[in-house]
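Asker: Hey, dropping query34.cif in here, mmCIF, C-alpha atoms:
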data_input
#
loop_
_atom_site.label_atom_id
_atom_site.label_comp_id
_atom_site.auth_asym_id
_atom_site.auth_seq_id
_atom_site.Cartn_x
_atom_site.Cartn_y
_atom_site.Cartn_z
CA MET C 1 -26.89 -4.53 -17.05
CA SER C 2 -27.45 -7.94 -18.56
CA THR C 3 -28.48 -6.48 -21.88
CA THR C 4 -25.25 -4.51 -22.13
CA THR C 5 -22.96 -7.30 -20.97
CA ALA C 6 -24.39 -10.03 -23.17
CA PRO C 7 -23.05 -8.81 -26.51
CA THR C 8 -19.61 -7.82 -25.18
CA ALA C 9 -19.26 -11.00 -23.15
CA THR C 10 -19.97 -13.22 -26.11
CA LYS C 11 -16.95 -11.77 -27.89
CA HIS C 12 -14.75 -13.58 -25.40
CA TRP C 13 -16.32 -16.86 -26.34
CA SER C 14 -16.07 -16.50 -30.10
CA GLY C 15 -12.56 -17.91 -30.12
CA GLY C 16 -9.12 -16.47 -30.52
CA LYS C 17 -8.68 -15.34 -26.93
CA SER C 18 -9.10 -16.49 -23.36
CA PRO C 19 -12.80 -16.29 -22.53
CA PHE C 20 -12.01 -15.24 -18.98
CA ASN C 21 -9.36 -12.79 -20.12
CA VAL C 22 -6.77 -14.29 -17.78
CA GLU C 23 -3.89 -16.54 -18.57
CA TYR C 24 -4.17 -20.26 -18.03
CA GLY C 25 -1.99 -20.47 -14.92
CA LYS C 26 -3.88 -17.78 -13.12
CA LEU C 27 -7.24 -19.37 -13.87
CA MET C 28 -5.97 -22.70 -12.58
CA MET C 29 -4.65 -20.99 -9.46
CA TRP C 30 -8.15 -19.65 -8.90
CA TYR C 31 -9.64 -23.10 -9.27
CA PHE C 32 -7.05 -24.59 -6.97
CA LEU C 33 -7.80 -21.94 -4.37
CA MET C 34 -11.50 -22.65 -4.71
CA SER C 35 -10.89 -26.33 -4.00
CA ASP C 36 -8.64 -25.38 -1.10
CA ALA C 37 -11.39 -23.14 0.20
CA PHE C 38 -13.65 -26.18 0.27
CA THR C 39 -11.04 -28.13 2.19
CA PHE C 40 -10.71 -25.43 4.82
CA GLY C 41 -14.45 -24.93 4.77
CA ALA C 42 -14.98 -28.62 5.47
CA PHE C 43 -12.56 -28.44 8.38
CA LEU C 44 -14.19 -25.38 9.86
CA ILE C 45 -17.71 -26.69 9.37
CA SER C 46 -16.84 -29.97 11.06
CA TYR C 47 -15.39 -27.90 13.88
CA GLY C 48 -18.58 -25.88 14.08
CA THR C 49 -20.76 -28.99 13.92
CA THR C 50 -18.81 -30.63 16.72
CA ARG C 51 -19.05 -27.49 18.75
CA PHE C 52 -22.80 -27.32 18.24
CA ALA C 53 -23.08 -31.00 19.18
CA THR C 54 -21.14 -30.59 22.44
CA ASN C 55 -22.58 -29.38 25.72
CA GLY C 56 -19.63 -27.28 26.79
CA TRP C 57 -16.61 -25.75 25.13
CA PRO C 58 -13.42 -24.19 26.52
CA ASN C 59 -13.33 -20.42 26.61
CA PRO C 60 -10.67 -19.30 24.11
CA ASN C 61 -9.90 -16.28 26.28
CA GLU C 62 -8.86 -18.63 29.08
CA VAL C 63 -6.77 -20.80 26.77
CA PHE C 64 -4.95 -18.29 24.56
CA ASN C 65 -4.04 -15.73 27.15
CA SER C 66 -0.27 -15.45 27.08
CA PHE C 67 2.41 -13.97 24.91
CA PRO C 68 6.19 -14.40 24.63
CA LEU C 69 8.30 -13.20 27.55
CA ALA C 70 5.15 -12.57 29.55
CA PRO C 71 5.49 -13.11 33.29
CA GLU C 72 3.96 -16.25 34.71
CA GLY C 73 0.23 -16.09 35.28
CA VAL C 74 -0.38 -13.07 33.09
CA HIS C 75 -3.87 -12.85 31.64
CA ALA C 76 -3.73 -11.17 28.25
CA PRO C 77 -6.27 -12.77 25.94
CA LEU C 78 -6.39 -11.81 22.25
CA VAL C 79 -3.18 -9.80 22.48
CA PHE C 80 -0.80 -12.25 20.85
CA VAL C 81 -3.23 -13.46 18.22
CA SER C 82 -4.08 -9.93 17.17
CA ILE C 83 -0.37 -9.35 16.58
CA MET C 84 -0.31 -12.49 14.43
CA THR C 85 -3.34 -11.28 12.51
CA PHE C 86 -1.79 -7.92 11.80
CA ILE C 87 1.47 -9.54 10.71
CA LEU C 88 -0.44 -11.54 8.14
CA ILE C 89 -2.49 -8.57 6.94
CA ILE C 90 0.61 -6.45 6.53
CA SER C 91 2.43 -9.21 4.66
CA SER C 92 -0.59 -9.46 2.40
CA VAL C 93 -0.33 -5.74 1.72
CA THR C 94 3.36 -5.99 0.87
CA MET C 95 2.47 -8.84 -1.50
CA VAL C 96 -0.06 -6.59 -3.26
CA LEU C 97 2.66 -3.98 -3.54
CA ALA C 98 5.01 -6.58 -5.03
CA VAL C 99 2.37 -7.50 -7.63
CA HIS C 100 1.82 -3.81 -8.28
CA ALA C 101 5.55 -3.27 -8.78
CA GLY C 102 5.53 -6.23 -11.15
CA HIS C 103 2.86 -4.57 -13.26
CA ASN C 104 5.15 -1.59 -13.65
CA MET C 105 8.11 -3.86 -14.51
CA ASP C 106 9.87 -2.51 -11.44
CA LYS C 107 12.27 -5.29 -10.49
CA LYS C 108 13.69 -3.46 -7.49
CA GLY C 109 10.23 -2.93 -6.08
CA VAL C 110 9.28 -6.57 -6.58
CA VAL C 111 12.41 -7.72 -4.77
CA LYS C 112 11.92 -5.29 -1.91
CA TYR C 113 8.28 -6.14 -1.29
CA LEU C 114 8.80 -9.88 -1.76
CA ILE C 115 11.47 -9.78 0.93
CA TRP C 116 9.06 -7.98 3.26
CA THR C 117 6.37 -10.53 2.49
CA ILE C 118 8.72 -13.39 3.27
CA ILE C 119 9.74 -11.73 6.52
CA GLY C 120 6.07 -11.35 7.43
CA GLY C 121 5.40 -15.01 6.64
CA LEU C 122 8.35 -16.15 8.72
CA ALA C 123 7.28 -13.90 11.58
CA PHE C 124 3.82 -15.43 11.50
CA LEU C 125 5.26 -18.94 11.48
CA GLY C 126 7.50 -18.01 14.40
CA CYS C 127 4.50 -16.74 16.34
CA GLN C 128 2.61 -19.91 15.65
CA ALA C 129 5.57 -22.06 16.64
CA TRP C 130 5.76 -20.18 19.91
CA GLU C 131 2.06 -20.57 20.56
CA TRP C 132 2.10 -24.29 19.81
CA THR C 133 5.10 -24.78 22.08
CA HIS C 134 3.43 -22.81 24.84
CA LEU C 135 0.21 -24.84 24.56
CA PHE C 136 2.19 -28.06 24.42
CA HIS C 137 3.91 -27.18 27.66
CA GLU C 138 0.54 -26.48 29.21
CA GLY C 139 -0.40 -30.05 28.37
CA ALA C 140 -2.42 -29.46 25.22
CA TRP C 141 -1.82 -31.60 22.16
CA TRP C 142 -3.75 -33.89 19.84
CA GLY C 143 -5.68 -36.20 22.15
CA ARG C 144 -4.92 -34.18 25.28
CA ASN C 145 -6.90 -31.24 26.56
CA PRO C 146 -6.04 -29.74 29.95
CA PHE C 147 -8.54 -26.88 29.62
CA PRO C 148 -11.98 -27.18 31.24
CA ASN C 149 -15.08 -25.95 29.51
CA ALA C 150 -16.15 -22.36 30.05
CA ASP C 151 -18.64 -23.47 32.70
CA GLY C 152 -16.02 -25.61 34.47
CA THR C 153 -17.26 -28.96 33.23
CA ILE C 154 -14.98 -31.63 31.81
CA SER C 155 -14.01 -30.88 28.24
CA THR C 156 -13.41 -33.29 25.42
CA THR C 157 -10.26 -33.44 23.31
CA ASN C 158 -12.20 -32.13 20.32
CA PHE C 159 -11.12 -28.63 21.19
CA THR C 160 -7.38 -29.29 20.96
CA ASN C 161 -7.75 -31.75 18.08
CA PHE C 162 -9.51 -29.20 15.94
CA PHE C 163 -7.27 -26.37 17.02
CA PHE C 164 -4.03 -28.12 16.21
CA THR C 165 -5.33 -29.70 13.02
CA ILE C 166 -6.76 -26.54 11.52
CA THR C 167 -4.10 -24.07 12.62
CA GLY C 168 -1.53 -26.69 11.64
CA PHE C 169 -3.02 -27.05 8.19
CA HIS C 170 -3.10 -23.30 7.86
CA GLY C 171 0.45 -23.03 9.12
CA PHE C 172 1.47 -25.57 6.49
CA HIS C 173 -0.12 -23.31 3.88
CA VAL C 174 1.80 -20.33 5.24
CA PHE C 175 4.96 -22.38 5.06
CA SER C 176 4.32 -23.37 1.44
CA GLY C 177 3.49 -19.75 0.69
CA VAL C 178 6.84 -18.66 2.10
CA VAL C 179 8.60 -21.31 0.02
CA ILE C 180 6.76 -20.14 -3.10
CA ASN C 181 7.66 -16.54 -2.35
CA VAL C 182 11.31 -17.46 -1.86
CA ILE C 183 11.27 -19.19 -5.25
CA MET C 184 9.66 -16.09 -6.77
CA LEU C 185 12.37 -13.95 -5.19
CA ILE C 186 15.13 -16.15 -6.61
CA MET C 187 13.51 -16.11 -10.05
CA THR C 188 13.17 -12.33 -9.90
CA LEU C 189 16.81 -11.95 -8.91
CA GLN C 190 17.79 -14.20 -11.82
CA ASN C 191 15.94 -11.82 -14.16
CA LYS C 192 13.62 -14.63 -15.29
CA PHE C 193 10.57 -12.36 -15.31
CA GLU C 194 12.49 -9.44 -16.75
CA ASN C 195 13.46 -11.61 -19.73
CA ARG C 196 9.94 -12.97 -20.04
CA GLY C 197 8.62 -9.44 -20.30
CA HIS C 198 6.02 -9.77 -17.59
CA TYR C 199 5.67 -10.52 -13.88
CA LEU C 200 2.47 -12.55 -14.09
CA MET C 201 4.05 -15.31 -12.02
CA ILE C 202 4.21 -12.95 -9.05
CA GLU C 203 0.46 -12.47 -9.42
CA LYS C 204 -0.17 -16.19 -9.08
CA ALA C 205 2.06 -16.44 -6.03
CA GLY C 206 0.24 -13.37 -4.73
CA LEU C 207 -3.14 -15.05 -5.16
CA TYR C 208 -1.93 -17.96 -3.07
CA TRP C 209 -0.53 -15.68 -0.40
CA HIS C 210 -3.75 -13.67 -0.14
CA PHE C 211 -5.67 -16.87 0.16
CA VAL C 212 -3.54 -17.83 3.15
CA ASP C 213 -4.41 -14.48 4.71
CA LEU C 214 -8.06 -15.03 3.84
CA VAL C 215 -8.13 -18.40 5.55
CA TRP C 216 -6.56 -16.90 8.63
CA VAL C 217 -9.42 -14.39 8.80
CA PHE C 218 -11.79 -17.32 9.19
CA VAL C 219 -9.57 -19.44 11.44
CA PHE C 220 -8.83 -16.50 13.70
CA THR C 221 -12.52 -15.65 14.04
CA CYS C 222 -13.67 -19.21 14.59
CA PHE C 223 -11.06 -20.18 17.17
CA TYR C 224 -10.21 -17.02 19.03
CA LEU C 225 -13.27 -14.80 18.87
CA LEU C 226 -16.41 -16.91 18.69
CA MET S 1 -17.88 -3.90 -17.99
CA GLU S 2 -15.72 -1.25 -19.56
CA HIS S 3 -12.71 -3.56 -19.77
CA THR S 4 -14.38 -6.32 -21.72
CA SER S 5 -13.64 -5.67 -25.33
CA ALA S 6 -10.65 -3.66 -26.38
CA VAL S 7 -8.48 -3.81 -23.29
CA LEU S 8 -5.30 -5.79 -23.59
CA HIS S 9 -4.49 -8.88 -21.64
CA GLN S 10 -1.79 -7.59 -19.35
CA ASP S 11 -3.37 -4.45 -18.05
CA HIS S 12 -6.99 -5.42 -17.66
CA ASN S 13 -6.72 -5.83 -13.92
CA VAL S 14 -4.48 -3.04 -12.78
CA GLY S 15 -7.27 -1.78 -10.58
CA GLY S 16 -7.10 1.43 -8.65
CA GLY S 17 -3.36 1.34 -7.99
CA LYS S 18 -1.58 2.36 -4.81
CA LYS S 19 -4.44 4.49 -3.54
CA GLU S 20 -6.77 1.53 -3.56
CA ILE S 21 -4.19 -0.62 -1.76
CA VAL S 22 -3.86 1.97 1.01
CA ARG S 23 -7.63 2.32 1.27
CA VAL S 24 -8.21 -1.44 1.53
CA THR S 25 -5.39 -1.78 4.07
CA VAL S 26 -7.02 0.83 6.25
CA ILE S 27 -10.42 -0.82 5.91
CA LEU S 28 -9.02 -4.24 6.82
CA SER S 29 -7.17 -2.86 9.84
CA VAL S 30 -10.23 -1.01 11.07
CA LEU S 31 -12.43 -4.09 10.66
CA THR S 32 -9.88 -6.19 12.56
CA ILE S 33 -9.68 -3.65 15.36
CA VAL S 34 -13.48 -3.52 15.61
CA GLU S 35 -13.53 -7.33 15.75
CA LEU S 36 -10.99 -7.30 18.55
CA ILE S 37 -12.92 -4.64 20.47
CA LEU S 38 -16.07 -6.73 20.17
CA GLY S 39 -14.06 -9.73 21.33
CA PHE S 40 -12.93 -7.84 24.41
CA ILE S 41 -16.45 -6.56 25.10
CA MET S 42 -17.96 -10.01 25.07
CA MET S 43 -15.19 -11.54 27.15
CA GLY S 44 -16.90 -11.44 30.52
CA MET S 45 -20.38 -11.79 29.15
CA ASP S 46 -22.77 -14.62 30.00
CA GLU S 47 -24.40 -16.66 27.29
CA GLY S 48 -27.45 -14.86 26.07
CA PHE S 49 -28.98 -12.83 23.32
CA LEU S 50 -26.46 -10.01 23.49
CA LYS S 51 -23.50 -12.36 23.23
CA HIS S 52 -25.03 -14.11 20.24
CA PHE S 53 -25.74 -10.75 18.69
CA ILE S 54 -22.08 -9.73 19.05
CA LYS S 55 -20.97 -13.06 17.62
CA GLY S 56 -23.20 -12.43 14.62
CA ALA S 57 -21.67 -8.99 14.21
CA ILE S 58 -18.19 -10.53 14.28
CA VAL S 59 -19.18 -13.02 11.58
CA ILE S 60 -20.48 -10.18 9.40
CA LEU S 61 -17.21 -8.27 9.90
CA MET S 62 -15.31 -11.44 9.02
CA LEU S 63 -17.24 -11.75 5.76
CA ALA S 64 -16.59 -8.09 5.01
CA LYS S 65 -12.87 -8.68 5.47
CA ALA S 66 -13.06 -11.70 3.18
CA PHE S 67 -14.83 -9.57 0.58
CA TYR S 68 -12.11 -6.93 0.65
CA ILE S 69 -9.27 -9.45 0.50
CA VAL S 70 -10.78 -11.43 -2.37
CA GLY S 71 -12.20 -8.46 -4.23
CA TYR S 72 -9.28 -6.06 -4.05
CA PHE S 73 -6.12 -7.87 -2.98
CA MET S 74 -6.87 -10.85 -5.16
CA HIS S 75 -8.30 -8.52 -7.81
CA LEU S 76 -11.40 -10.63 -8.34
CA LYS S 77 -13.54 -7.51 -8.51
CA HIS S 78 -11.59 -6.32 -11.54
CA GLU S 79 -11.87 -9.61 -13.41
CA LEU S 80 -14.48 -10.48 -15.98
CA ARG S 81 -17.95 -11.19 -14.73
CA ASN S 82 -17.79 -14.74 -16.06
CA LEU S 83 -14.66 -15.50 -14.06
CA ILE S 84 -16.16 -13.99 -10.93
CA MET S 85 -19.18 -16.21 -11.33
CA THR S 86 -17.23 -19.44 -11.78
CA ILE S 87 -15.39 -18.71 -8.56
CA VAL S 88 -18.15 -17.28 -6.40
CA VAL S 89 -21.20 -19.33 -7.37
CA PRO S 90 -19.79 -22.71 -6.22
CA LEU S 91 -18.93 -21.14 -2.89
CA PHE S 92 -22.63 -20.59 -2.24
CA LEU S 93 -22.72 -24.30 -1.43
CA PHE S 94 -21.31 -23.19 1.90
CA VAL S 95 -24.64 -21.60 2.76
CA TRP S 96 -26.25 -25.00 2.66
CA PHE S 97 -23.26 -26.68 4.34
CA ILE S 98 -23.35 -24.34 7.27
CA ILE S 99 -27.10 -24.45 7.81
CA ALA S 100 -27.36 -28.22 7.39
CA PHE S 101 -24.35 -29.29 9.39
CA LEU S 102 -24.64 -26.88 12.29
CA SER S 103 -28.33 -27.59 12.78
CA ASP S 104 -27.56 -31.30 12.56
CA GLY S 105 -24.94 -30.93 15.28
CA ASN S 106 -27.38 -29.00 17.42
CA SER S 107 -30.09 -31.59 16.94
CA TYR S 108 -27.64 -34.38 17.81
CA LYS S 109 -26.76 -32.59 21.03
CA ASN S 110 -30.41 -32.20 22.01
CA LEU S 111 -31.30 -35.79 21.22
CA ARG S 112 -28.32 -37.06 23.13
CA ASN S 113 -29.05 -34.90 26.15
CA THR S 114 -32.63 -36.13 26.15
CA TYR S 115 -32.10 -39.83 25.63
CA ASP S 116 -28.56 -40.52 26.86
CA ARG S 117 -28.64 -39.72 30.58
CA PHE S 118 -25.12 -40.99 31.17
CA HIS S 119 -23.76 -38.66 28.52
CA TYR S 120 -25.68 -35.76 29.98
CA ASP S 121 -24.59 -36.41 33.56
CA HIS S 122 -21.03 -36.91 32.43
CA SER S 123 -21.03 -33.59 30.61
CA GLN S 124 -22.24 -31.82 33.76
CA MET S 125 -19.32 -33.02 35.89
CA LYS S 126 -16.91 -30.32 36.95
CA MET S 127 -13.26 -30.50 36.08
CA GLU S 128 -10.71 -29.47 38.68
CA LYS S 129 -8.38 -26.75 37.54
CA LYS S 130 -4.67 -26.42 38.38
CA GLU S 131 -1.97 -29.10 38.44
CA PRO S 132 -2.28 -31.27 35.34
CA GLU S 133 -1.46 -34.40 37.41
CA SER S 134 -4.08 -34.02 40.13
CA LYS S 135 -7.02 -33.32 37.89
CA GLY S 136 -7.07 -37.02 37.08
CA LYS S 137 -9.67 -39.60 37.88
CA GLU S 138 -9.89 -39.49 41.65
CA GLU S 139 -10.98 -35.84 41.73
CA LYS S 140 -13.56 -36.31 39.02
CA HIS S 141 -15.10 -39.12 41.01
CA GLY S 142 -15.02 -37.01 44.14
CA GLU S 143 -16.95 -34.27 42.36
CA MET S 144 -19.52 -36.60 41.01
CA ASN S 145 -20.68 -38.03 44.32
#
Output the file's structure as structure tokens, nothing else.
Answerer:
Amino acid sequence: MSTTTAPTATKHWSGGKSPFNVEYGKLMMWYFLMSDAFTFGAFLISYGTTRFATNGWPNPNEVFNSFPLAPEGVHAPLVFVSIMTFILIISSVTMVLAVHAGHNMDKKGVVKYLIWTIIGGLAFLGCQAWEWTHLFHEGAWWGRNPFPNADGTISTTNFTNFFFTITGFHGFHVFSGVVINVIMLIMTLQNKFENRGHYLMIEKAGLYWHFVDLVWVFVFTCFYLL
Amino acid sequence: MEHTSAVLHQDHNVGGGKKEIVRVTVILSVLTIVELILGFIMMGMDEGFLKHFIKGAIVILMLAKAFYIVGYFMHLKHELRNLIMTIVVPLFLFVWFIIAFLSDGNSYKNLRNTYDRFHYDHSQMKMEKKEPESKGKEEKHGEMN
């Protein structure tokens, strides 16, 4: 493998073309996402460290056990958050389809799938807003934790602090992603990309959007499942 | 490495097209559903080997999902090997981060439980459920004595 790649790979470094064979903006988006991955990673590792350093921890199935319009006292853990997860996965898929349509210079397809992606993002944000409101009304907020540990002992506020900080930071990313996608939609409708001759901008927005989905995979697992 | 030399800039990362998108979507959905099933299975479980085993399985599924999102949705798998390496190699720092920090947290907990009796006793106190108002100080003190 290495013997075959070495001569062909060096061609990219002999000047005249991008050594990574991607345009500048896309490469920088990758590097930005890598740095963002370290930010989220730091958050999640500090969460994990605190959890390992604490004697008890609230049971997520006792905390996140409701969904909108549910009757009082219903116990439905994982139901609402799995809906949120699927919303984000599906919106990621529609984003891939938008990028795919962009490759084929299919403006109609890009518009259609971008709109679906934006709807998915807004739906996710709506779900999160509902969940935050629900938890707030149960007495949970930064610095306040009404939930006992799984074994019934007194819990610390670390649980709510980390939950609101990390899901909030992720929600902020979703929000920025929606804003970026709206801008992409406007630019597509203004024929900006059509005139440019390529839809590479959609790819960069797509990278960001997939990253948001990727982070949710980790946040969802760390907070709701483990 | 078939796309290294002659392939043009724009179409080097078209990938497998719609078929691949559908395939990856199905894989991601199935992995998520399996994760959720495991989550439901371990819901009523006591702490123990089996629960830790399931948690490990969930983490592996999570990493598999991450692989499919980054590799196929973000097209990293279809990029040049050099680009893949500049993105992926730094992320291996996380291996050290996770091992170092989590074991540090665990060690801190053990030291504190051993040498800080007040902390340990405090963390064994029960918290009264129901009524956010009444689970205040007086009940905690009642439990402790």
Asker: Taking the file as shown, find all residues satisfying the PyMOL selection byres ((chain C) within 7 of (chain S)) and write them as a list in words.
Answerer: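 Applying the expression gives Thr5, Thr8, Ala9, Phe20, Asn21, Met34, Ile45, Gly48, Thr49, Thr50, Phe52, Ala53, Thr54, Asn55, Val93, Val96, Pro146, Pro148, Gly152, Thr153, Ile154, Leu207, His210, Leu214, Val217, Phe218, Leu225 and Leu226 of chain C.
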Asker: Go through C:His134, C:Lys204, C:Lys192, C:His198 and flag the residue nearest C:Ser66, using all atoms listed in the file for the distances.
Answerer: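 The shortest atom-to-atom distance to C:Ser66 comes from C:His134.
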Asker: Considering all atoms listed in the file, return as number ranges by chain whatever protein or nucleic-acid residues lie within 12 Å of C:Ser91, sequence-local ones (same chain, fewer than 4 positions apart) excluded.
Answerer: C: 84-87, 95-98, 113-124, 174, 177-178, 181, 206, 209-210, 212-213; S: 25, 73
Asker: Give me, please, the distance in Å between atom CA of C:Thr167 and atom CA of C:Val215, quoted to one decimal.
Answerer: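 If I compute the distance from atom CA of C:Thr167 to atom CA of C:Val215, I get 9.9 Å.
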Asker: What separation in Å, quoted to one decimal, exists between atom CA of C:Gly25 and atom CA of C:Arg196?
Answerer: 15.0 Å
Asker: Between atom CA of C:Phe67 and atom CA of S:Leu31, what is the distance, to one decimal in Å?
Answerer: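 Separation between atom CA of C:Phe67 and atom CA of S:Leu31: 22.8 Å.
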Asker: May I ask which of the residues C:Ala129, C:Met28, C:Ala140, C:Ile83 is the closest one to C:Phe162, counting all atoms listed in the file?
Answerer: C:Ala140
Asker: Choose the residue, out of C:Tyr24, C:Trp13, C:Trp142, C:Phe211, that has the smallest atom-to-atom separation from C:Phe164; count all atoms listed in the file.
Answerer: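 Of the candidates, the smallest distance to C:Phe164 is held by C:Trp142.
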